[in-house]
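Source file: query22.csv; contents: CSV, C-alpha atoms.
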chain,number,residue,atom,x,y,z
A,693,MET,CA,1.7,8.3,-22.6
A,694,PRO,CA,1.2,4.9,-20.8
A,695,TYR,CA,-1.4,2.5,-22.2
A,696,ARG,CA,-3.4,2.6,-19.0
A,697,GLU,CA,-3.5,6.4,-19.0
A,698,LYS,CA,-4.9,6.3,-22.6
A,699,THR,CA,-7.6,3.9,-21.6
A,700,ALA,CA,-8.5,6.1,-18.6
A,701,TRP,CA,-8.8,9.1,-21.0
A,702,LEU,CA,-11.0,7.0,-23.3
A,703,SER,CA,-13.3,6.1,-20.4
A,704,LEU,CA,-13.5,9.7,-19.3
A,705,LEU,CA,-14.3,10.8,-22.8
A,706,ALA,CA,-16.9,8.1,-23.3
A,707,MET,CA,-18.7,9.1,-20.1
A,708,LEU,CA,-18.6,12.8,-21.0
A,709,VAL,CA,-20.1,12.4,-24.5
A,710,THR,CA,-22.8,9.9,-23.4
A,711,PHE,CA,-23.8,10.6,-19.9
A,712,GLY,CA,-23.2,14.4,-20.2
A,713,PRO,CA,-26.0,14.8,-22.7
A,714,TYR,CA,-28.1,12.2,-20.8
A,715,PHE,CA,-28.0,14.1,-17.5
A,716,THR,CA,-28.5,17.4,-19.3
A,717,LEU,CA,-31.6,16.0,-20.9
A,718,VAL,CA,-32.9,14.5,-17.7
A,719,ALA,CA,-32.3,17.6,-15.7
A,720,THR,CA,-33.7,20.1,-18.2
A,721,ARG,CA,-36.7,18.3,-19.6
A,722,ALA,CA,-39.6,17.2,-17.4
A,723,LEU,CA,-41.1,13.8,-18.2
A,724,PRO,CA,-44.2,14.3,-20.4
A,725,SER,CA,-47.5,12.8,-19.2
A,726,GLU,CA,-47.4,9.8,-21.6
A,727,PRO,CA,-49.2,6.6,-21.0
A,728,MET,CA,-45.7,4.9,-20.6
A,729,PRO,CA,-43.3,7.4,-19.3
A,730,ASN,CA,-40.9,4.6,-18.2
A,731,LEU,CA,-40.4,3.6,-21.8
A,732,ARG,CA,-39.1,7.0,-22.8
A,733,GLN,CA,-36.7,7.1,-19.9
A,734,LEU,CA,-35.6,3.5,-20.3
A,735,SER,CA,-35.0,4.0,-24.0
A,736,LEU,CA,-32.9,7.1,-23.4
A,737,PHE,CA,-30.8,5.2,-20.9
A,738,ALA,CA,-30.5,2.2,-23.2
A,739,VAL,CA,-29.3,4.4,-26.1
A,740,THR,CA,-26.8,6.2,-23.8
A,741,ALA,CA,-25.4,2.9,-22.5
A,742,ILE,CA,-25.2,1.3,-26.0
A,743,VAL,CA,-23.4,4.4,-27.4
A,744,GLN,CA,-20.9,4.3,-24.4
A,745,LEU,CA,-20.2,0.6,-24.9
A,746,PHE,CA,-19.7,1.2,-28.6
A,747,ILE,CA,-17.2,4.1,-28.0
A,748,LEU,CA,-15.4,2.0,-25.4
A,749,GLY,CA,-15.3,-1.0,-27.7
A,750,ILE,CA,-13.9,0.8,-30.7
A,751,GLY,CA,-11.6,2.9,-28.6
A,752,HIS,CA,-10.1,-0.1,-26.8
A,753,LEU,CA,-9.6,-2.0,-30.1
A,754,TYR,CA,-7.9,1.1,-31.5
A,755,LEU,CA,-5.6,1.6,-28.5
A,756,ARG,CA,-4.8,-2.1,-28.3
A,757,ARG,CA,-3.7,-2.1,-32.0
A,758,GLY,CA,-1.5,0.8,-31.3
A,759,SER,CA,0.3,-0.7,-28.3
A,760,THR,CA,-0.2,-4.4,-28.4
A,761,GLN,CA,2.8,-5.3,-26.2
A,762,GLU,CA,2.1,-2.6,-23.6
A,763,ALA,CA,-1.5,-3.8,-23.3
A,764,ARG,CA,-0.4,-7.3,-22.3
A,765,VAL,CA,2.1,-6.2,-19.6
A,766,PRO,CA,0.6,-6.8,-16.2
A,767,LEU,CA,0.2,-3.9,-13.7
A,768,ASP,CA,3.4,-3.1,-12.0
A,769,GLU,CA,3.7,-1.7,-8.4
A,770,ARG,CA,3.2,1.9,-9.5
A,771,ASP,CA,0.2,1.0,-11.6
A,772,GLN,CA,-1.3,-0.9,-8.7
A,773,ALA,CA,-0.7,2.1,-6.3
A,774,ILE,CA,-2.4,4.4,-8.7
A,775,MET,CA,-5.3,1.9,-9.0
A,776,ARG,CA,-5.7,1.7,-5.2
A,777,ARG,CA,-5.7,5.4,-4.9
A,778,SER,CA,-8.3,5.9,-7.6
A,779,VAL,CA,-10.6,3.2,-6.3
A,780,SER,CA,-10.5,4.5,-2.7
A,781,SER,CA,-11.2,8.1,-3.9
A,782,ALA,CA,-14.1,6.8,-6.0
A,783,TYR,CA,-15.4,4.8,-3.1
A,784,TYR,CA,-15.9,7.9,-1.0
A,785,VAL,CA,-17.8,9.6,-3.8
A,786,LEU,CA,-20.0,6.5,-4.3
A,787,ILE,CA,-20.7,6.0,-0.6
A,788,GLY,CA,-21.5,9.7,0.0
A,789,GLY,CA,-23.7,9.7,-3.1
A,790,MET,CA,-25.6,6.5,-2.0
A,791,ILE,CA,-26.2,7.9,1.4
A,792,LEU,CA,-27.7,11.0,-0.2
A,793,VAL,CA,-29.8,9.1,-2.6
A,794,GLY,CA,-30.9,6.3,-0.3
A,795,CYS,CA,-31.3,8.2,3.0
A,796,VAL,CA,-32.1,11.8,2.1
A,797,MET,CA,-33.8,11.8,-1.4
A,798,PRO,CA,-36.8,9.5,-0.4
A,799,PHE,CA,-38.1,12.3,1.8
A,800,ASN,CA,-38.6,14.7,-1.0
A,801,SER,CA,-38.3,12.8,-4.3
A,802,SER,CA,-39.5,9.6,-6.0
A,803,GLY,CA,-39.3,7.4,-9.1
A,804,TRP,CA,-36.9,8.4,-11.8
A,805,SER,CA,-35.5,11.3,-9.9
A,806,ILE,CA,-34.0,8.8,-7.4
A,807,ILE,CA,-32.9,6.4,-10.1
A,808,ASN,CA,-31.2,9.1,-12.1
A,809,ALA,CA,-29.6,10.6,-8.9
A,810,ALA,CA,-28.2,7.1,-8.1
A,811,LEU,CA,-27.0,6.7,-11.7
A,812,PHE,CA,-25.4,10.2,-11.5
A,813,MET,CA,-23.5,9.2,-8.3
A,814,ILE,CA,-22.3,6.0,-10.0
A,815,ILE,CA,-21.1,7.9,-13.0
A,816,ALA,CA,-19.5,10.6,-10.7
A,817,ALA,CA,-17.7,7.9,-8.8
A,818,GLU,CA,-16.4,6.4,-12.1
A,819,PHE,CA,-15.4,9.9,-13.3
A,820,VAL,CA,-13.4,10.3,-10.1
A,821,HIS,CA,-11.9,6.9,-10.5
A,822,TYR,CA,-10.6,7.5,-14.0
A,823,GLY,CA,-9.8,11.2,-13.2
A,824,VAL,CA,-7.5,10.2,-10.4
A,825,ILE,CA,-5.8,7.6,-12.7
A,826,VAL,CA,-5.2,10.3,-15.3
A,827,PHE,CA,-4.1,12.8,-12.7
A,828,SER,CA,-1.7,10.4,-11.1
A,829,TYR,CA,0.0,9.3,-14.3
A,830,ARG,CA,0.3,13.0,-15.4
A,831,ARG,CA,1.8,14.0,-12.0
A,832,GLN,CA,4.3,11.2,-12.0
A,833,ALA,CA,5.2,11.4,-15.7
B,205,MET,CA,9.0,13.7,12.6
B,206,ILE,CA,12.2,13.9,10.8
B,207,LYS,CA,11.7,15.3,7.3
B,208,GLY,CA,13.7,14.6,4.3
B,209,SER,CA,13.6,13.8,0.6
B,210,ILE,CA,14.8,10.8,-1.5
B,211,SER,CA,17.2,11.3,-4.3
B,212,ASN,CA,18.7,8.7,-6.6
B,213,ARG,CA,21.6,8.1,-9.0
B,214,ILE,CA,19.8,5.8,-11.4
B,215,ARG,CA,20.5,8.0,-14.4
B,216,ILE,CA,24.3,8.0,-13.6
B,217,LEU,CA,24.3,4.2,-12.9
B,218,ARG,CA,22.5,3.6,-16.2
B,219,PHE,CA,25.2,5.6,-18.0
B,220,HIS,CA,27.9,3.6,-16.3
B,221,SER,CA,26.2,0.4,-17.3
B,222,GLY,CA,26.7,1.0,-21.0
B,223,GLU,CA,23.9,3.5,-21.3
B,224,MET,CA,21.3,0.9,-20.2
B,225,SER,CA,17.9,2.0,-21.4
B,226,GLN,CA,15.0,2.7,-19.0
B,227,ALA,CA,13.0,-0.1,-20.7
B,228,GLU,CA,15.9,-2.6,-20.2
B,229,LEU,CA,16.2,-1.7,-16.5
B,230,GLY,CA,12.4,-1.9,-16.2
B,231,GLU,CA,12.4,-5.3,-17.8
B,232,ARG,CA,15.1,-6.5,-15.4
B,233,ILE,CA,13.2,-5.4,-12.2
B,234,GLY,CA,9.7,-6.1,-13.4
B,235,VAL,CA,8.3,-2.6,-13.9
B,236,THR,CA,7.4,-0.5,-16.9
B,237,ARG,CA,9.6,2.0,-18.6
B,238,GLN,CA,7.3,4.8,-17.4
B,239,THR,CA,7.8,3.6,-13.8
B,240,ILE,CA,11.6,3.8,-14.2
B,241,ALA,CA,11.2,7.3,-15.6
B,242,ALA,CA,9.0,8.3,-12.6
B,243,ILE,CA,11.5,6.8,-10.1
B,244,GLU,CA,14.4,8.5,-11.9
B,245,ALA,CA,12.7,11.8,-11.8
B,246,GLY,CA,11.9,11.4,-8.1
B,247,LYS,CA,8.2,11.5,-8.7
B,248,TYR,CA,7.6,8.0,-7.5
B,249,SER,CA,9.2,6.2,-4.6
B,250,PRO,CA,9.6,2.5,-5.3
B,251,SER,CA,8.9,-0.3,-2.8
B,252,LEU,CA,11.8,-1.6,-0.8
B,253,GLU,CA,11.8,-4.8,-2.9
B,254,ALA,CA,11.9,-2.8,-6.2
B,255,ALA,CA,14.7,-0.6,-4.7
B,256,PHE,CA,16.8,-3.7,-3.9
B,257,ARG,CA,16.1,-5.1,-7.3
B,258,ILE,CA,17.4,-1.9,-8.9
B,259,ALA,CA,20.5,-2.0,-6.8
B,260,HIS,CA,21.0,-5.6,-7.7
B,261,ALA,CA,20.6,-4.8,-11.4
B,262,PHE,CA,23.5,-2.4,-11.1
B,263,ASN,CA,25.4,-4.7,-8.8
B,264,VAL,CA,25.8,-1.9,-6.2
B,265,PRO,CA,24.6,-1.5,-2.6
B,266,LEU,CA,21.2,0.2,-2.1
B,267,SER,CA,22.8,3.3,-0.6
B,268,GLU,CA,24.6,3.9,-3.9
B,269,VAL,CA,21.3,4.1,-5.7
B,270,PHE,CA,19.1,5.9,-3.2
B,271,GLN,CA,20.0,8.6,-0.8
B,272,TRP,CA,17.8,10.2,1.9
B,273,ASP,CA,18.6,13.9,2.4
B,274,VAL,CA,17.4,15.0,5.8
B,275,GLU,CA,16.0,18.5,6.0
B,276,ALA,CA,17.7,20.8,8.4
B,277,SER,CA,15.6,21.3,11.5
B,278,HIS,CA,15.1,24.8,13.0
How would this structure read if it were set down as structure tokens?
Amino acid sequence: MPYREKTAWLSLLAMLVTFGPYFTLVATRALPSEPMPNLRQLSLFAVTAIVQLFILGIGHLYLRRGSTQEARVPLDERDQAIMRRSVSSAYYVLIGGMILVGCVMPFNSSGWSIINAALFMIIAAEFVHYGVIVFSYRRQA
Amino acid sequence: MIKGSISNRIRILRFHSGEMSQAELGERIGVTRQTIAAIEAGKYSPSLEAAFRIAHAFNVPLSEVFQWDVEASH
């Protein structure tokens, strides 16, 4: 498996195990009427982001140790074509999501609902980005 | 539009070049071993420049490496 496919799998996995539970919690649990509801939401996001960074950091170190030479090789034309395809696919998800969040949601939602929806769209775009990379490498393997 | 598919003889040419490895060929033309494997399997079409580099690596004309088979029209 190419090094870049491995890193894409790692990013997908890190997103799944961190933002999966985050969005499940956000969607299923209503914010309690606390004096500082932002603090609870912010701390949940901070923990999620830190855990994701930790997984990515450890994962990248592990992958780099396993394939030091391959990690140093610059992107070749096929890698670049795969990157272009993945970025353009993710762009459409992101732009569609931002239109929804920025132009439609303000009519019927507010506060953290909009912030979390925007965050969800960013994560969805990233998921598509890495998903397309994995799919392309698998298809052309 | 004329339809067709691209085939190649890279595997045979590697064999005739003293069983040159995919990694070695990749190194010569500036792509990874996986890209050579994808080209060889017909799953990735290289750029014209890379195609010429491959032909140059085997010291043969481009048409000896890549062939374009036109589909029969009805």
Determine which residues of chain B sit within 9 Å of chain A, taking into account only C-alpha atoms, and present them as a compact mmCIF listing (two decimals) with C-alpha atoms, in the frame of the given file.
# COMPACT_ATOMS: atom_id res chain seq x y z
CA GLY B 234 9.70 -6.10 -13.40
CA VAL B 235 8.30 -2.60 -13.90
CA THR B 236 7.40 -0.50 -16.90
CA GLN B 238 7.30 4.80 -17.40
CA THR B 239 7.80 3.60 -13.80
CA ALA B 241 11.20 7.30 -15.60
CA ALA B 242 9.00 8.30 -12.60
CA ILE B 243 11.50 6.80 -10.10
CA ALA B 245 12.70 11.80 -11.80
CA GLY B 246 11.90 11.40 -8.10
CA LYS B 247 8.20 11.50 -8.70
CA TYR B 248 7.60 8.00 -7.50
CA SER B 249 9.20 6.20 -4.60
CA PRO B 250 9.60 2.50 -5.30
CA SER B 251 8.90 -0.30 -2.80
CA ALA B 254 11.90 -2.80 -6.20
d(CA of Met707 in chain A, CA of Arg777 in chain A) in Å: 20.3 Å
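One finds CA of Leu704 in chain A at 7.3 Å from CA of Gly823 in chain A.
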Pick from A:Ser828, A:Thr716, A:Thr760, A:Ser805 nearest to Tyr695 in chain A, counting only C-alpha atoms: A:Thr760
Separation of CA of Val264 in chain B from CA of Gln226 in chain B, in Å and rounded to one decimal: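 Taking CA of Val264 in chain B as the start and CA of Gln226 in chain B as the end point, the length is 17.4 Å.
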Using the file's own x, y and z axes, so that the box edges lie along x, y and z, what centre and edge lengths in Å (one decimal) does a box around every listed atom of range 264-273 of chain B get when 3 Å is added on each side? Give it as JSON.
{"center_x": 21.8, "center_y": 6.0, "center_z": -1.9, "size_x": 14.0, "size_y": 21.8, "size_z": 14.6}
Would you mind putting N, CA and C atoms back on range 759-774 of chain A and writing the result as an mmCIF file, in the frame of the given file?
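As written to disk, out_24.cif reads:
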data_model
loop_
_atom_site.group_PDB
_atom_site.id
_atom_site.type_symbol
_atom_site.label_atom_id
_atom_site.label_comp_id
_atom_site.auth_asym_id
_atom_site.auth_seq_id
_atom_site.Cartn_x
_atom_site.Cartn_y
_atom_site.Cartn_z
ATOM 1 N N SER A 759 -0.730 -0.280 -29.317
ATOM 2 C CA SER A 759 0.300 -0.700 -28.300
ATOM 3 C C SER A 759 -0.021 -2.080 -27.791
ATOM 4 N N THR A 760 0.104 -3.056 -28.684
ATOM 5 C CA THR A 760 -0.200 -4.400 -28.400
ATOM 6 C C THR A 760 0.593 -4.973 -27.196
ATOM 7 N N GLN A 761 1.908 -4.718 -27.245
ATOM 8 C CA GLN A 761 2.800 -5.300 -26.200
ATOM 9 C C GLN A 761 2.531 -4.642 -24.855
ATOM 10 N N GLU A 762 2.344 -3.315 -24.850
ATOM 11 C CA GLU A 762 2.100 -2.600 -23.600
ATOM 12 C C GLU A 762 0.801 -3.033 -22.936
ATOM 13 N N ALA A 763 -0.189 -3.353 -23.788
ATOM 14 C CA ALA A 763 -1.500 -3.800 -23.300
ATOM 15 C C ALA A 763 -1.435 -5.088 -22.543
ATOM 16 N N ARG A 764 -0.471 -5.914 -22.937
ATOM 17 C CA ARG A 764 -0.400 -7.300 -22.300
ATOM 18 C C ARG A 764 0.419 -7.253 -21.035
ATOM 19 N N VAL A 765 1.224 -6.219 -20.828
ATOM 20 C CA VAL A 765 2.100 -6.200 -19.600
ATOM 21 C C VAL A 765 1.184 -6.038 -18.381
ATOM 22 N N PRO A 766 1.393 -6.924 -17.378
ATOM 23 C CA PRO A 766 0.600 -6.800 -16.200
ATOM 24 C C PRO A 766 0.888 -5.534 -15.387
ATOM 25 N N LEU A 767 -0.009 -5.157 -14.490
ATOM 26 C CA LEU A 767 0.200 -3.900 -13.700
ATOM 27 C C LEU A 767 1.448 -4.078 -12.850
ATOM 28 N N ASP A 768 2.282 -3.044 -12.864
ATOM 29 C CA ASP A 768 3.400 -3.100 -12.000
ATOM 30 C C ASP A 768 3.054 -2.362 -10.660
ATOM 31 N N GLU A 769 4.021 -2.237 -9.741
ATOM 32 C CA GLU A 769 3.700 -1.700 -8.400
ATOM 33 C C GLU A 769 3.165 -0.263 -8.446
ATOM 34 N N ARG A 770 3.680 0.543 -9.390
ATOM 35 C CA ARG A 770 3.200 1.900 -9.500
ATOM 36 C C ARG A 770 1.777 1.963 -10.051
ATOM 37 N N ASP A 771 1.522 1.126 -11.060
ATOM 38 C CA ASP A 771 0.200 1.000 -11.600
ATOM 39 C C ASP A 771 -0.816 0.604 -10.526
ATOM 40 N N GLN A 772 -0.392 -0.382 -9.717
ATOM 41 C CA GLN A 772 -1.300 -0.900 -8.700
ATOM 42 C C GLN A 772 -1.528 0.194 -7.600
ATOM 43 N N ALA A 773 -0.486 0.982 -7.280
ATOM 44 C CA ALA A 773 -0.700 2.100 -6.300
ATOM 45 C C ALA A 773 -1.637 3.111 -6.830
ATOM 46 N N ILE A 774 -1.526 3.403 -8.123
ATOM 47 C CA ILE A 774 -2.400 4.400 -8.700
ATOM 48 C C ILE A 774 -3.877 3.830 -8.734
#
